[in-house]
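> Below you'll find upload-v1.cif; it's mmCIF, C-alpha atoms.
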data_model
#
loop_
_atom_site.group_PDB
_atom_site.id
_atom_site.type_symbol
_atom_site.label_atom_id
_atom_site.label_comp_id
_atom_site.auth_asym_id
_atom_site.auth_seq_id
_atom_site.Cartn_x
_atom_site.Cartn_y
_atom_site.Cartn_z
ATOM 1 C CA MET P 1 -33.815 6.603 18.427
ATOM 2 C CA LYS P 2 -35.117 6.189 21.938
ATOM 3 C CA TYR P 3 -32.717 6.567 24.844
ATOM 4 C CA GLN P 4 -33.181 2.982 26.024
ATOM 5 C CA THR P 5 -32.346 1.583 22.594
ATOM 6 C CA PHE P 6 -29.330 3.861 22.307
ATOM 7 C CA ALA P 7 -28.137 2.931 25.784
ATOM 8 C CA ALA P 8 -28.558 -0.783 25.132
ATOM 9 C CA ALA P 9 -26.714 -0.594 21.806
ATOM 10 C CA LEU P 10 -23.863 1.412 23.290
ATOM 11 C CA MET P 11 -23.529 -0.902 26.288
ATOM 12 C CA LEU P 12 -23.568 -3.922 23.999
ATOM 13 C CA ALA P 13 -20.945 -2.353 21.776
ATOM 14 C CA ALA P 14 -18.729 -1.474 24.707
ATOM 15 C CA SER P 15 -18.922 -4.884 26.337
ATOM 16 C CA ALA P 16 -18.828 -7.287 23.387
ATOM 17 C CA PRO P 17 -15.543 -8.420 21.906
ATOM 18 C CA ALA P 18 -14.925 -6.853 18.508
ATOM 19 C CA ALA P 19 -14.592 -10.176 16.699
ATOM 20 C CA ALA P 20 -18.098 -11.255 17.799
ATOM 21 C CA MET P 21 -19.726 -7.990 16.759
ATOM 22 C CA THR P 22 -22.300 -7.821 14.005
ATOM 23 C CA ILE P 23 -24.159 -4.630 13.258
ATOM 24 C CA ASP P 24 -27.916 -5.042 13.641
ATOM 25 C CA ALA P 25 -30.464 -2.379 12.667
ATOM 26 C CA ASP P 26 -30.210 -0.373 15.917
ATOM 27 C CA GLU P 27 -26.437 -0.541 15.917
ATOM 28 C CA ARG P 28 -26.388 0.483 12.262
ATOM 29 C CA GLU P 29 -28.435 3.572 13.077
ATOM 30 C CA LEU P 30 -26.108 4.393 15.967
ATOM 31 C CA TYR P 31 -23.084 3.829 13.710
ATOM 32 C CA ASP P 32 -24.489 6.054 10.938
ATOM 33 C CA ASP P 33 -25.355 8.798 13.439
ATOM 34 C CA SER P 34 -21.896 8.504 15.017
ATOM 35 C CA VAL P 35 -20.162 8.885 11.660
ATOM 36 C CA GLN P 36 -22.351 11.872 10.811
ATOM 37 C CA CYS P 37 -21.581 13.510 14.160
ATOM 38 C CA MET P 38 -17.893 12.710 13.770
ATOM 39 C CA ALA P 39 -17.930 14.539 10.409
ATOM 40 C CA PHE P 40 -19.987 17.419 11.814
ATOM 41 C CA TYR P 41 -17.697 17.966 14.797
ATOM 42 C CA GLY P 42 -14.608 17.444 12.666
ATOM 43 C CA ILE P 43 -15.725 20.207 10.332
ATOM 44 C CA MET P 44 -16.655 22.417 13.290
ATOM 45 C CA ALA P 45 -13.207 21.846 14.791
ATOM 46 C CA GLY P 46 -11.525 22.925 11.577
ATOM 47 C CA LEU P 47 -9.689 19.609 11.259
ATOM 48 C CA GLY P 48 -7.600 19.005 8.181
ATOM 49 C CA GLY P 49 -5.927 22.378 8.173
ATOM 50 C CA ASP P 50 -2.364 23.336 8.972
ATOM 51 C CA LYS P 51 -3.297 24.908 12.285
ATOM 52 C CA ALA P 52 -4.660 23.606 15.569
ATOM 53 C CA PRO P 53 -8.394 22.930 15.668
ATOM 54 C CA GLU P 54 -10.482 26.079 15.824
ATOM 55 C CA ASP P 55 -12.732 24.522 18.464
ATOM 56 C CA PRO P 56 -11.003 22.038 20.791
ATOM 57 C CA LYS P 57 -14.351 20.983 22.325
ATOM 58 C CA ALA P 58 -15.648 20.041 18.879
ATOM 59 C CA ALA P 59 -12.492 18.001 18.275
ATOM 60 C CA ALA P 60 -13.052 16.154 21.567
ATOM 61 C CA SER P 61 -16.685 15.550 20.626
ATOM 62 C CA GLY P 62 -15.702 14.177 17.238
ATOM 63 C CA THR P 63 -13.235 11.853 18.935
ATOM 64 C CA LYS P 64 -15.992 10.427 21.157
ATOM 65 C CA PHE P 65 -18.052 9.583 18.090
ATOM 66 C CA LEU P 66 -15.012 8.091 16.371
ATOM 67 C CA ALA P 67 -14.659 5.738 19.341
ATOM 68 C CA VAL P 68 -18.312 4.679 19.104
ATOM 69 C CA ALA P 69 -18.079 4.135 15.337
ATOM 70 C CA THR P 70 -14.830 2.195 15.712
ATOM 71 C CA VAL P 71 -16.342 -0.215 18.216
ATOM 72 C CA LEU P 72 -19.488 -0.734 16.170
ATOM 73 C CA ALA P 73 -17.579 -1.234 12.912
ATOM 74 C CA ASP P 74 -15.273 -3.815 14.458
ATOM 75 C CA GLU P 75 -12.399 -1.399 13.963
ATOM 76 C CA ASP P 76 -12.825 -1.518 10.168
ATOM 77 C CA LYS P 77 -10.950 1.710 9.498
ATOM 78 C CA ASP P 78 -11.439 1.507 5.733
ATOM 79 C CA GLN P 79 -15.229 1.323 6.129
ATOM 80 C CA ILE P 80 -15.252 4.146 8.672
ATOM 81 C CA GLN P 81 -13.135 6.310 6.349
ATOM 82 C CA ALA P 82 -15.422 5.575 3.380
ATOM 83 C CA ASP P 83 -18.530 6.438 5.402
ATOM 84 C CA LEU P 84 -16.868 9.555 6.806
ATOM 85 C CA ASN P 85 -15.954 10.684 3.280
ATOM 86 C CA LYS P 86 -19.618 10.291 2.243
ATOM 87 C CA GLN P 87 -20.718 12.447 5.154
ATOM 88 C CA ILE P 88 -18.127 15.112 4.381
ATOM 89 C CA ALA P 89 -19.315 15.136 0.754
ATOM 90 C CA MET P 90 -22.904 15.578 1.992
ATOM 91 C CA PHE P 91 -21.816 18.570 4.090
ATOM 92 C CA GLY P 92 -19.978 19.924 1.032
ATOM 93 C CA LYS P 93 -23.197 19.766 -0.996
ATOM 94 C CA LEU P 94 -25.047 21.625 1.748
ATOM 95 C CA ALA P 95 -22.308 24.261 1.776
ATOM 96 C CA GLU P 96 -22.731 24.881 -1.951
ATOM 97 C CA ARG P 97 -25.963 26.726 -1.141
ATOM 98 C CA PRO P 98 -25.471 28.116 2.364
ATOM 99 C CA ASP P 99 -28.453 30.488 2.163
ATOM 100 C CA GLU P 100 -30.976 27.832 1.118
ATOM 101 C CA PRO P 101 -33.552 27.475 3.924
ATOM 102 C CA ALA P 102 -33.757 23.683 3.511
ATOM 103 C CA ASN P 103 -29.971 23.364 3.889
ATOM 104 C CA ILE P 104 -29.960 25.598 6.960
ATOM 105 C CA GLU P 105 -32.758 23.529 8.493
ATOM 106 C CA LYS P 106 -30.947 20.263 7.729
ATOM 107 C CA LEU P 107 -27.754 21.553 9.367
ATOM 108 C CA ARG P 108 -29.705 22.701 12.422
ATOM 109 C CA GLY P 109 -31.271 19.265 12.677
ATOM 110 C CA ILE P 110 -27.858 17.582 12.445
ATOM 111 C CA LYS P 111 -26.415 19.950 15.046
ATOM 112 C CA ASP P 112 -29.303 19.346 17.445
ATOM 113 C CA SER P 113 -29.139 15.587 16.919
ATOM 114 C CA CYS P 114 -25.391 15.481 17.507
ATOM 115 C CA GLU P 115 -25.649 17.590 20.658
ATOM 116 C CA PHE P 116 -28.374 15.294 21.987
ATOM 117 C CA MET P 117 -26.408 12.173 21.097
ATOM 118 C CA GLU P 118 -23.306 13.578 22.763
ATOM 119 C CA THR P 119 -25.313 14.045 25.946
ATOM 120 C CA LEU P 120 -26.274 10.371 25.785
ATOM 121 C CA VAL P 121 -22.693 9.266 25.063
ATOM 122 C CA ASP P 122 -21.447 11.358 27.993
ATOM 123 C CA ALA P 123 -24.093 9.789 30.243
ATOM 124 C CA MET P 124 -23.038 6.316 29.144
ATOM 125 C CA ILE P 125 -19.371 7.106 29.751
ATOM 126 C CA GLU P 126 -20.189 8.562 33.155
ATOM 127 C CA GLY P 127 -22.353 5.552 34.008
ATOM 128 C CA SER P 128 -19.607 3.104 33.113
ATOM 129 C CA SER P 129 -16.999 4.845 35.305
#
Starting from the coordinates I provided, produce the structure as structure tokens.


Amino acid sequence: MKYQTFAAALMLAASAPAAAMTIDADERELYDDSVQCMAFYGIMAGLGGDKAPEDPKAAASGTKFLAVATVLADEDKDQIQADLNKQIAMFGKLAERPDEPANIEKLRGIKDSCEFMETLVDAMIEGSS
């Protein structure tokens, strides 16, 4: 997704009232990417265990993407949870064969995409302050 499209979708999501929100194609892509990044950073943070997150920065990053997904999904927590569960299952399938080159490449692509998207989210947050 191009930066301008991402920026426009995020600004629209942040400024529109939740009740008036409908997810168009660009927002859907942003939502899907946000849920994927939320799952990625959640896993990286070690969330779900009995101890504090292994990586507090990853937990903070996952929280940013949760906020984006929540706004875009009109705060539909059931839908967000269902989509998050699908992403976690996808990561579980990749983990079944950790040495497979295609799986390693896919994870690298997700990591790079999430890091790039976080840069854009941070820029949008900074720009709105």

> Atom CA of P:Glu115 and atom CA of P:Gln81 are how many Å apart?

22.1 Å

> Which polymer residues have any atom within 7 Å of an atom of stretch 66-69 of chain P, counting all atoms listed in the file, with same-chain residues fewer than 5 positions away left out, as a CSV table (one decimal) with C-alpha atoms, in the frame of the given file?


chain,number,residue,atom,x,y,z
P,31,TYR,CA,-23.1,3.8,13.7
P,34,SER,CA,-21.9,8.5,15.0
P,35,VAL,CA,-20.2,8.9,11.7
P,38,MET,CA,-17.9,12.7,13.8

> Report the distance between atom CA of P:Phe40 and atom CA of P:Ala95 in Å, rounded to one decimal place.

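Computing it gives 12.4 Å between the two atoms.
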
> With distances taken over only C-alpha atoms, which of P:Ile104, P:Cys37, P:Leu72, P:Ala60 is nearest to P:Met117?

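Residue with the minimum atom-to-atom distance to P:Met117: P:Cys37.
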
> Need the neighbours of (-20.9, 24.6, 2.4): which residues are at most 12 Å away, counting all atoms listed in the file, as an NGL selection string?

:P and (40 or 43-44 or 88-100 or 103-104 or 107)

> Between P:Asp74, P:Asp33, P:Asp55, P:Glu105, which is the closest to P:Val121 once you count all atoms listed in the file?

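For P:Val121, the nearest of the given residues is P:Asp33.
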
> Output the residue selection produced by the PyMOL selection byres ((chain P and resi 58) around 9) on the file above, formatted as JSON, numbers by chain.

{"P": [40, 41, 42, 43, 44, 45, 46, 53, 54, 55, 56, 57, 59, 60, 61, 62, 63]}

> For C-alpha atoms, I'd like the residues from the last selection saved as a PDB file, in the frame of the given file.


ATOM      1  CA  PHE P  40     -19.987  17.419  11.814  1.00  0.00           C
ATOM      2  CA  TYR P  41     -17.697  17.966  14.797  1.00  0.00           C
ATOM      3  CA  GLY P  42     -14.608  17.444  12.666  1.00  0.00           C
ATOM      4  CA  ILE P  43     -15.725  20.207  10.332  1.00  0.00           C
ATOM      5  CA  MET P  44     -16.655  22.417  13.290  1.00  0.00           C
ATOM      6  CA  ALA P  45     -13.207  21.846  14.791  1.00  0.00           C
ATOM      7  CA  GLY P  46     -11.525  22.925  11.577  1.00  0.00           C
ATOM      8  CA  PRO P  53      -8.394  22.930  15.668  1.00  0.00           C
ATOM      9  CA  GLU P  54     -10.482  26.079  15.824  1.00  0.00           C
ATOM     10  CA  ASP P  55     -12.732  24.522  18.464  1.00  0.00           C
ATOM     11  CA  PRO P  56     -11.003  22.038  20.791  1.00  0.00           C
ATOM     12  CA  LYS P  57     -14.351  20.983  22.325  1.00  0.00           C
ATOM     13  CA  ALA P  59     -12.492  18.001  18.275  1.00  0.00           C
ATOM     14  CA  ALA P  60     -13.052  16.154  21.567  1.00  0.00           C
ATOM     15  CA  SER P  61     -16.685  15.550  20.626  1.00  0.00           C
ATOM     16  CA  GLY P  62     -15.702  14.177  17.238  1.00  0.00           C
ATOM     17  CA  THR P  63     -13.235  11.853  18.935  1.00  0.00           C
TER      18      THR P  63
END

> What's the separation between atom CA of P:Gln87 and atom CA of P:Ala102, in Å to one decimal place?

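Computed distance, atom CA of P:Gln87 to atom CA of P:Ala102, equals 17.3 Å.
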
> Nearest to P:Asp24 among P:Ile80, P:Lys86, P:Ala73, P:Ala123, with distances taken over only C-alpha atoms: which residue is it?

P:Ala73
